[in-house]
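The block underneath contains the structure these notes are about, expressed in structure tokens.
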Amino acid sequence: MLISYNGNSIDRKDGENALDIVRDLDPELAKKALAARLDGELVQSLADPIHGDRTLEILTFDDDAGKKTLRHTASHVLAQAVLRLVPNAKLAIGPAIDNGFYYDFDVEEPFTPDFLQKVEKEMQKIIKKNDRLERFELPRGEAIEFCKQANQPYKVELIEDLPEGEVISFYKQGDFTDLCAGPHLPSTGKVKAFKLQSIAGAYWRGSEKNKMLQRIYGTAFFDKDELAAYLEKLEEAKKRDHRKLGRELDLFALMDEGPGFPFFFPKGMVLRNELEGYWRALHRQSGYLETRTPIMLNQHLWEESGHWDHYKENIYSTKIDDQIYCLKPMNCPGGILVYKRKAWSYRELPLRMGELGIVHRHELSGAMHGLMRVRCFTQDDAHLFITPEMIKDEVIGIHRMEDHMYNMFGFKYHVELSTRPENSMGTDEMWASATLGLKGALDELGVPYVVNEGDGAFYGPKIDYHLEDSIGRTWQCGTIQLDMNMPERFDLSYIGPDGEKHRPVMLHRTIYGSIERFIGILTEHFAGAFPLWLSPVQAKVMTITDRADQAATKLVSALEAAGIRVEADLRNEKIGFKIREAQMEKVPYMFILGDKEAESGEASVRSRKEGDLGTMGVDAIVQKLVDEILTKSI
RNA sequence: GCCAAUGUAGCUCAGCUGGCAGAGCAGCGGUUUCGUAAACCGCAGGUCAAGGGUUCGAGUCCCUUCAUUGGCUCCA
């Protein structure tokens, strides 16, 4: 038997007590583990015998692995409780996930919110009873028989799909036994603080071809305060929801009349225009040219590109003069036509063409989410036409732009590499070399990434950049897609130094991804308090009495002359009221003028973040704001 | 598209087992000229998402559709 401990393999006798093994390996750790266990803090049951090639892990209550174990045990308690209330429920799977756990059930009657409360009560009883979780293993045949006896067809299916030779283990707690690899807490009583959060439908094994099961989501922590703090944090995060802030700050909204087609109001347009303006500046510096292609093109083009075959369900189309026209779901065919308009020399490559292209995609109604997933959005697209030798350098160049853009807003991001999907076109060799090209660039940059098998575009593999929203959901924004198929399909070429035609490689890429989604993420990230350069209203000048109106108007003119977006608040209201309104509108700077300031020609400066900053002269104020706008500080 | 929940004034919400549609904020009118997050008084504002049904009577019960929310699937 092999046990891995701190990465070393050590021979041990089968069935040996885990604690003894630890004691031999590391007496100090064993002492700590034992003490922790006496305090009820040790997560994994050290009394469990170690069988087979399992890794021995010592888990304490304060690490992520410990929480994961706790939540996994909580999901077993959940399943036990549901089975008590609905004895003929069929169990599917119940894993721990980030921040919680879930369990899927096949039941005749869908769960209701009331039912959740009953389940919670039942779970309390199980926890109070503090049954030990005991592990046992069965040979494949017996394990299948066991689950058949228990009338658990999904478990039977799971076992049948386990590879030969895999250890098949179960965990038993009181009257409940579940197929499970573990590990688990020693007993149900260790689940001290939990909460069931929501009910959802979920397809068995994640495929819409399968039956929809009922899923219960919950979370669990080792102590009640931690749970309360987490739930509080979720509540706080809801206040940052871009859909709420978009309405409150009068930026954008979705209306019933246009599901998935967002409206941008004047203040939201300021945000968009600033983002697009910066995008243009960055691309000019980086050697990109800008194009614009039509949002509607005939069906023939989409057949030629393969979109009609691979993406038909999502394409809006209309018939005019006996021809079908499609609202473009992607910009690439337009970009290709721009390329094809003339002959290119190798000397002109790499050719980098950007386009802020409006695309329409008929997303499933249930998939829409504020600005994050819509049916009409603007991609900050670009198409690069390059030679195969340029792949690595160009991908590295794009990555640097992505990294720069996210860093300037203080975003955390993670990178995924998505490989060939089932419904794809092109040869194996094309896919292999394209995937290798992207991988090579990431590896050279030393960028960590996860591989997302089968999630690429139908024409090529891709690198995706994912950003987090306020409650930790991640959304794909930037993408780099390597495409050797479209150039083939459209017979693209450039003339090489040898005077012969050669096939270029195409890179499709975005940085914001979609301006709409990016604005959603930005709004949540800053909780609506955008950096000065992006703020729809950058400053408000407000008076204490109408005796300061003239001085205020002068300051407003000076700020306007410097290109600053400023509003005057000369209303007959108390200054506290005006400040309150400006704070709620998240205006970065407030300039307050009363009799003193009207006299001295200065203004009292208040920052949204730091409050009262004292008095400054008009020139100093203008300079301060202009500097902050130019540096785009966050 | 699928599972579940929700839809009442511009916004946030109340409206019990069916019996005259309400509040706060915002808006409008007036009073108040005030020093760093809410002055006071008044007025107006609704086909209760849409359509159908049950009933003497429907915001409330039933059905259909639309939209939204949380998930699943899909994806920028």
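Ligands are numbered from 1 in the order shown, residues from 1 within each chain, and chains are lettered A, B, ... in the order they appear in the structure tokens.
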
When DSSP is applied to the backbone of this structure, which of range 176-408 of chain A are assigned helix (DSSP H, G or I)? Write them out as an MDAnalysis selection string.
chainID A and resid 188:190 204:206 224:239 242:248 266:285 299:305 307:314 332:340 346:348 365:367 388:408

Any chance you could tabulate, as JSON lines, the residues of range 376-479 of chain A at most 9 Å from range 494-505 of chain A with each one's nearest atom pair and distance in Å to one decimal, using only C-alpha atoms, in chain and rising number order?
{"residue": "A:Leu384", "atom": "CA", "partner": "A:Val505", "partner_atom": "CA", "distance": 8.1}
{"residue": "A:Phe385", "atom": "CA", "partner": "A:Val505", "partner_atom": "CA", "distance": 5.8}
{"residue": "A:Ile386", "atom": "CA", "partner": "A:Val505", "partner_atom": "CA", "distance": 5.3}
{"residue": "A:Thr387", "atom": "CA", "partner": "A:Pro504", "partner_atom": "CA", "distance": 5.1}
{"residue": "A:Pro388", "atom": "CA", "partner": "A:Val505", "partner_atom": "CA", "distance": 6.0}
{"residue": "A:Met390", "atom": "CA", "partner": "A:Val505", "partner_atom": "CA", "distance": 8.9}
{"residue": "A:Ile391", "atom": "CA", "partner": "A:Val505", "partner_atom": "CA", "distance": 8.0}

Export N, CA and C atoms of the chosen residues as a PDB file, in the first residue's frame?
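File again.pdb, as written:
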ATOM      1  N   LEU A 384      -6.774  39.788 -36.731  1.00  0.00           N
ATOM      2  CA  LEU A 384      -5.378  39.926 -37.137  1.00  0.00           C
ATOM      3  C   LEU A 384      -5.089  38.893 -38.207  1.00  0.00           C
ATOM      4  N   PHE A 385      -4.529  39.346 -39.303  1.00  0.00           N
ATOM      5  CA  PHE A 385      -4.158  38.447 -40.386  1.00  0.00           C
ATOM      6  C   PHE A 385      -2.642  38.369 -40.367  1.00  0.00           C
ATOM      7  N   ILE A 386      -2.126  37.150 -40.147  1.00  0.00           N
ATOM      8  CA  ILE A 386      -0.696  37.008 -39.877  1.00  0.00           C
ATOM      9  C   ILE A 386      -0.149  35.754 -40.566  1.00  0.00           C
ATOM     10  N   THR A 387       1.154  35.636 -40.552  1.00  0.00           N
ATOM     11  CA  THR A 387       1.777  34.405 -41.041  1.00  0.00           C
ATOM     12  C   THR A 387       1.876  33.449 -39.853  1.00  0.00           C
ATOM     13  N   PRO A 388       1.979  32.143 -40.114  1.00  0.00           N
ATOM     14  CA  PRO A 388       2.059  31.190 -38.996  1.00  0.00           C
ATOM     15  C   PRO A 388       3.210  31.507 -38.053  1.00  0.00           C
ATOM     16  N   MET A 390       4.146  34.268 -37.000  1.00  0.00           N
ATOM     17  CA  MET A 390       3.856  35.431 -36.135  1.00  0.00           C
ATOM     18  C   MET A 390       2.945  35.080 -34.965  1.00  0.00           C
ATOM     19  N   ILE A 391       2.420  33.847 -34.938  1.00  0.00           N
ATOM     20  CA  ILE A 391       1.383  33.503 -33.958  1.00  0.00           C
ATOM     21  C   ILE A 391       1.807  33.857 -32.545  1.00  0.00           C
TER      22      ILE A 391
END

Range 260-506 of chain A: residues DSSP assigns to strand (DSSP E), reported as number ranges by chain:
A: 263-264, 289-290, 296-298, 317-320, 323-327, 351-360, 376-386, 413-418, 449-452, 462-468, 474-483, 494-495, 501-502, 505-506

Could you give me, as a Markdown table, every chain B residue with an atom at most 6 Å from chain A, plus its closest atom pair and distance in Å to one decimal, counting only C-alpha atoms (C1' of nucleotides), rows ordered by chain then number?
| residue | atom | partner | partner_atom | distance |
| --- | --- | --- | --- | --- |
| B:C3 | C1' | A:Gly201 | CA | 3.9 |
| B:U33 | C1' | A:Thr545 | CA | 5.2 |
| B:C34 | C1' | A:Lys574 | CA | 5.5 |
| B:A37 | C1' | A:Arg580 | CA | 4.0 |
| B:A38 | C1' | A:Phe577 | CA | 5.9 |
| B:A67 | C1' | A:Asp256 | CA | 5.5 |
| B:G71 | C1' | A:Ala200 | CA | 4.6 |
| B:C72 | C1' | A:Ala202 | CA | 4.2 |
| B:U73 | C1' | A:Glu208 | CA | 5.8 |
| B:A76 | C1' | A:Gly513 | CA | 5.0 |

8 Å contact set for range 8-13 of chain B, only C-alpha atoms (C1' of nucleotides), chain neighbours under 5 positions out, as a PyMOL selection string:
chain B and resi 25-26+45-46+48+59

Using only C-alpha atoms (C1' of nucleotides), which protein or nucleic acid residues come within 12 Å of range 320-330 of chain A? Drop anything in the same chain fewer than 5 positions from it, and give the result as a tab-separated table (two decimals) with N, CA and C atoms (P, O5', C5', C4', C3', O3' and C1' of nucleotides), in the first residue's frame.
chain	number	residue	atom	x	y	z
A	293	THR	N	-18.11	47.24	-40.20
A	293	THR	CA	-18.77	46.41	-41.21
A	293	THR	C	-20.26	46.37	-40.89
A	294	PRO	N	-21.11	46.08	-41.90
A	294	PRO	CA	-22.57	46.17	-41.71
A	294	PRO	C	-23.08	45.19	-40.66
A	295	ILE	N	-24.17	45.57	-39.97
A	295	ILE	CA	-24.71	44.63	-38.98
A	295	ILE	C	-25.60	43.60	-39.66
A	296	MET	N	-25.93	43.83	-40.93
A	296	MET	CA	-26.78	42.87	-41.64
A	296	MET	C	-26.12	42.49	-42.96
A	297	LEU	N	-26.03	41.18	-43.20
A	297	LEU	CA	-25.39	40.70	-44.43
A	297	LEU	C	-26.15	39.48	-44.92
A	298	ASN	N	-26.02	39.17	-46.19
A	298	ASN	CA	-26.89	38.13	-46.73
A	298	ASN	C	-26.52	36.71	-46.27
A	299	GLN	N	-27.49	35.84	-46.38
A	299	GLN	CA	-27.36	34.48	-45.85
A	299	GLN	C	-26.19	33.73	-46.48
A	300	HIS	N	-25.94	34.03	-47.74
A	300	HIS	CA	-24.88	33.33	-48.46
A	300	HIS	C	-23.55	33.42	-47.72
A	301	LEU	N	-23.24	34.62	-47.22
A	301	LEU	CA	-21.98	34.83	-46.50
A	301	LEU	C	-21.90	33.93	-45.27
A	302	TRP	N	-23.03	33.79	-44.58
A	302	TRP	CA	-23.03	33.01	-43.34
A	302	TRP	C	-22.97	31.52	-43.62
A	303	GLU	N	-23.42	31.14	-44.80
A	303	GLU	CA	-23.27	29.75	-45.20
A	303	GLU	C	-21.80	29.48	-45.51
A	305	SER	N	-19.23	31.01	-44.32
A	305	SER	CA	-18.39	31.07	-43.13
A	305	SER	C	-18.61	29.87	-42.22
A	306	GLY	N	-19.72	29.17	-42.43
A	306	GLY	CA	-20.02	28.03	-41.56
A	306	GLY	C	-20.93	28.40	-40.40
A	307	HIS	N	-21.20	29.70	-40.22
A	307	HIS	CA	-22.07	30.11	-39.11
A	307	HIS	C	-23.48	29.55	-39.29
A	308	TRP	N	-23.93	29.50	-40.56
A	308	TRP	CA	-25.29	29.04	-40.79
A	308	TRP	C	-25.43	27.59	-40.32
A	310	HIS	N	-23.40	26.05	-38.07
A	310	HIS	CA	-23.01	25.82	-36.69
A	310	HIS	C	-23.72	26.71	-35.69
A	311	TYR	N	-24.43	27.72	-36.16
A	311	TYR	CA	-24.91	28.73	-35.22
A	311	TYR	C	-26.31	29.22	-35.56
A	312	LYS	N	-26.97	28.49	-36.47
A	312	LYS	CA	-28.26	28.92	-37.02
A	312	LYS	C	-29.28	29.34	-35.97
A	313	GLU	N	-29.41	28.53	-34.90
A	313	GLU	CA	-30.47	28.77	-33.90
A	313	GLU	C	-30.34	30.15	-33.28
A	314	ASN	N	-29.12	30.70	-33.27
A	314	ASN	CA	-28.90	31.97	-32.59
A	314	ASN	C	-28.94	33.17	-33.53
A	315	ILE	N	-29.17	32.94	-34.82
A	315	ILE	CA	-29.10	34.04	-35.77
A	315	ILE	C	-30.49	34.63	-36.04
A	335	GLY	N	-15.08	41.23	-41.35
A	335	GLY	CA	-13.65	41.53	-41.32
A	335	GLY	C	-12.92	40.83	-42.46
A	336	ILE	N	-13.36	39.61	-42.76
A	336	ILE	CA	-12.73	38.85	-43.83
A	336	ILE	C	-12.97	39.51	-45.18
A	355	GLU	N	-12.64	46.50	-34.67
A	355	GLU	CA	-14.00	46.94	-34.99
A	355	GLU	C	-14.85	46.88	-33.73
A	356	LEU	N	-15.49	48.00	-33.39
A	356	LEU	CA	-16.49	47.97	-32.32
A	356	LEU	C	-17.78	47.54	-33.00
A	357	GLY	N	-18.00	46.24	-33.03
A	357	GLY	CA	-19.07	45.69	-33.86
A	357	GLY	C	-20.28	45.27	-33.06
A	358	ILE	N	-21.44	45.73	-33.52
A	358	ILE	CA	-22.69	45.37	-32.85
A	358	ILE	C	-23.15	44.00	-33.36
A	359	VAL	N	-23.32	43.06	-32.47
A	359	VAL	CA	-23.78	41.73	-32.87
A	359	VAL	C	-25.10	41.40	-32.17
A	360	HIS	N	-25.89	40.57	-32.83
A	360	HIS	CA	-27.16	40.10	-32.26
A	360	HIS	C	-27.10	38.58	-32.18
A	361	ARG	N	-27.46	38.05	-31.04
A	361	ARG	CA	-27.53	36.59	-30.91
A	361	ARG	C	-28.81	36.25	-30.17
A	362	HIS	N	-29.56	35.33	-30.73
A	362	HIS	CA	-30.79	34.96	-30.03
A	362	HIS	C	-30.48	33.97	-28.92
A	363	GLU	N	-30.11	34.50	-27.75
A	363	GLU	CA	-29.81	33.65	-26.60
A	363	GLU	C	-31.12	33.11	-26.04
A	375	ARG	N	-28.91	40.01	-25.74
A	375	ARG	CA	-29.08	39.49	-27.11
A	375	ARG	C	-28.48	40.43	-28.14
A	376	CYS	N	-28.09	41.61	-27.71
A	376	CYS	CA	-27.48	42.57	-28.61
A	376	CYS	C	-26.35	43.24	-27.87
A	377	PHE	N	-25.15	43.13	-28.38
A	377	PHE	CA	-24.03	43.75	-27.69
A	377	PHE	C	-22.94	44.16	-28.66
A	378	THR	N	-22.05	45.01	-28.14
A	378	THR	CA	-20.97	45.53	-28.95
A	378	THR	C	-19.68	44.84	-28.56
A	379	GLN	N	-19.11	44.10	-29.50
A	379	GLN	CA	-17.83	43.46	-29.23
A	379	GLN	C	-16.72	44.42	-29.60
A	380	ASP	N	-15.71	44.52	-28.73
A	380	ASP	CA	-14.53	45.30	-29.11
A	380	ASP	C	-13.61	44.33	-29.83
A	381	ASP	N	-14.03	44.02	-31.04
A	381	ASP	CA	-13.42	42.93	-31.79
A	381	ASP	C	-12.15	43.40	-32.51
A	382	ALA	N	-11.34	42.45	-32.89
A	382	ALA	CA	-10.24	42.74	-33.82
A	382	ALA	C	-9.90	41.46	-34.55
A	383	HIS	N	-9.50	41.61	-35.78
A	383	HIS	CA	-9.05	40.46	-36.56
A	383	HIS	C	-7.65	40.73	-37.02
A	457	ALA	N	-14.29	27.69	-29.89
A	457	ALA	CA	-15.23	28.11	-30.93
A	457	ALA	C	-15.22	27.03	-32.01
A	508	HIS	N	-8.84	36.11	-33.90
A	508	HIS	CA	-9.99	36.91	-33.49
A	508	HIS	C	-9.73	37.25	-32.04
A	509	ARG	N	-10.01	38.47	-31.62
A	509	ARG	CA	-9.79	38.75	-30.21
A	509	ARG	C	-10.64	39.89	-29.71
A	510	THR	N	-10.96	39.88	-28.43
A	510	THR	CA	-11.62	41.00	-27.78
A	510	THR	C	-10.89	41.26	-26.46
A	513	GLY	N	-14.49	42.37	-24.35
A	513	GLY	CA	-15.38	41.25	-24.64
A	513	GLY	C	-16.65	41.80	-25.25
A	514	SER	N	-17.50	42.31	-24.39
A	514	SER	CA	-18.65	43.07	-24.83
A	514	SER	C	-18.65	44.33	-23.99
B	76	A	P	-18.30	32.84	-26.70
B	76	A	O5'	-18.23	34.32	-26.13
B	76	A	C5'	-17.19	35.17	-26.55
B	76	A	C4'	-17.21	36.40	-25.67
B	76	A	C3'	-17.46	36.06	-24.22
B	76	A	O3'	-16.21	35.93	-23.55
B	76	A	C1'	-18.96	37.78	-24.95

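The environment of range 63-65 of chain B within 10 Å, counting only C-alpha atoms (C1' of nucleotides) and disregarding residues fewer than 5 places along the same chain, consists of A50, G51, G52 and G53 of chain B.
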
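With only C-alpha atoms as the atoms that count, the residue of A:Ala432, A:Asp403, A:Ser286, A:Met425 with the shortest distance to Leu445 in chain A is A:Asp403.
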
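Taking CA of Ile97 in chain A and CA of Ala74 in chain A as the two end points, the separation is 11.7 Å.
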
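Considering only C-alpha atoms (C1' of nucleotides), the residue among B:G70, B:G24, B:G29, B:G7 positioned nearest to A49 in chain B is B:G7.
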
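Of note, CA of Phe101 in chain A and CA of Leu179 in chain A are spaced 16.4 Å apart.
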
List the spatial neighbours of range 17-20 of chain B as a ChimeraX atom specification - criterion: any atom at most 10 Å away, only C-alpha atoms (C1' of nucleotides), same-chain residues fewer than 3 positions off excluded.
/B:55,57-58,60-61

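One finds C1' of U69 in chain B at 27.2 Å from CA of Ala89 in chain A.
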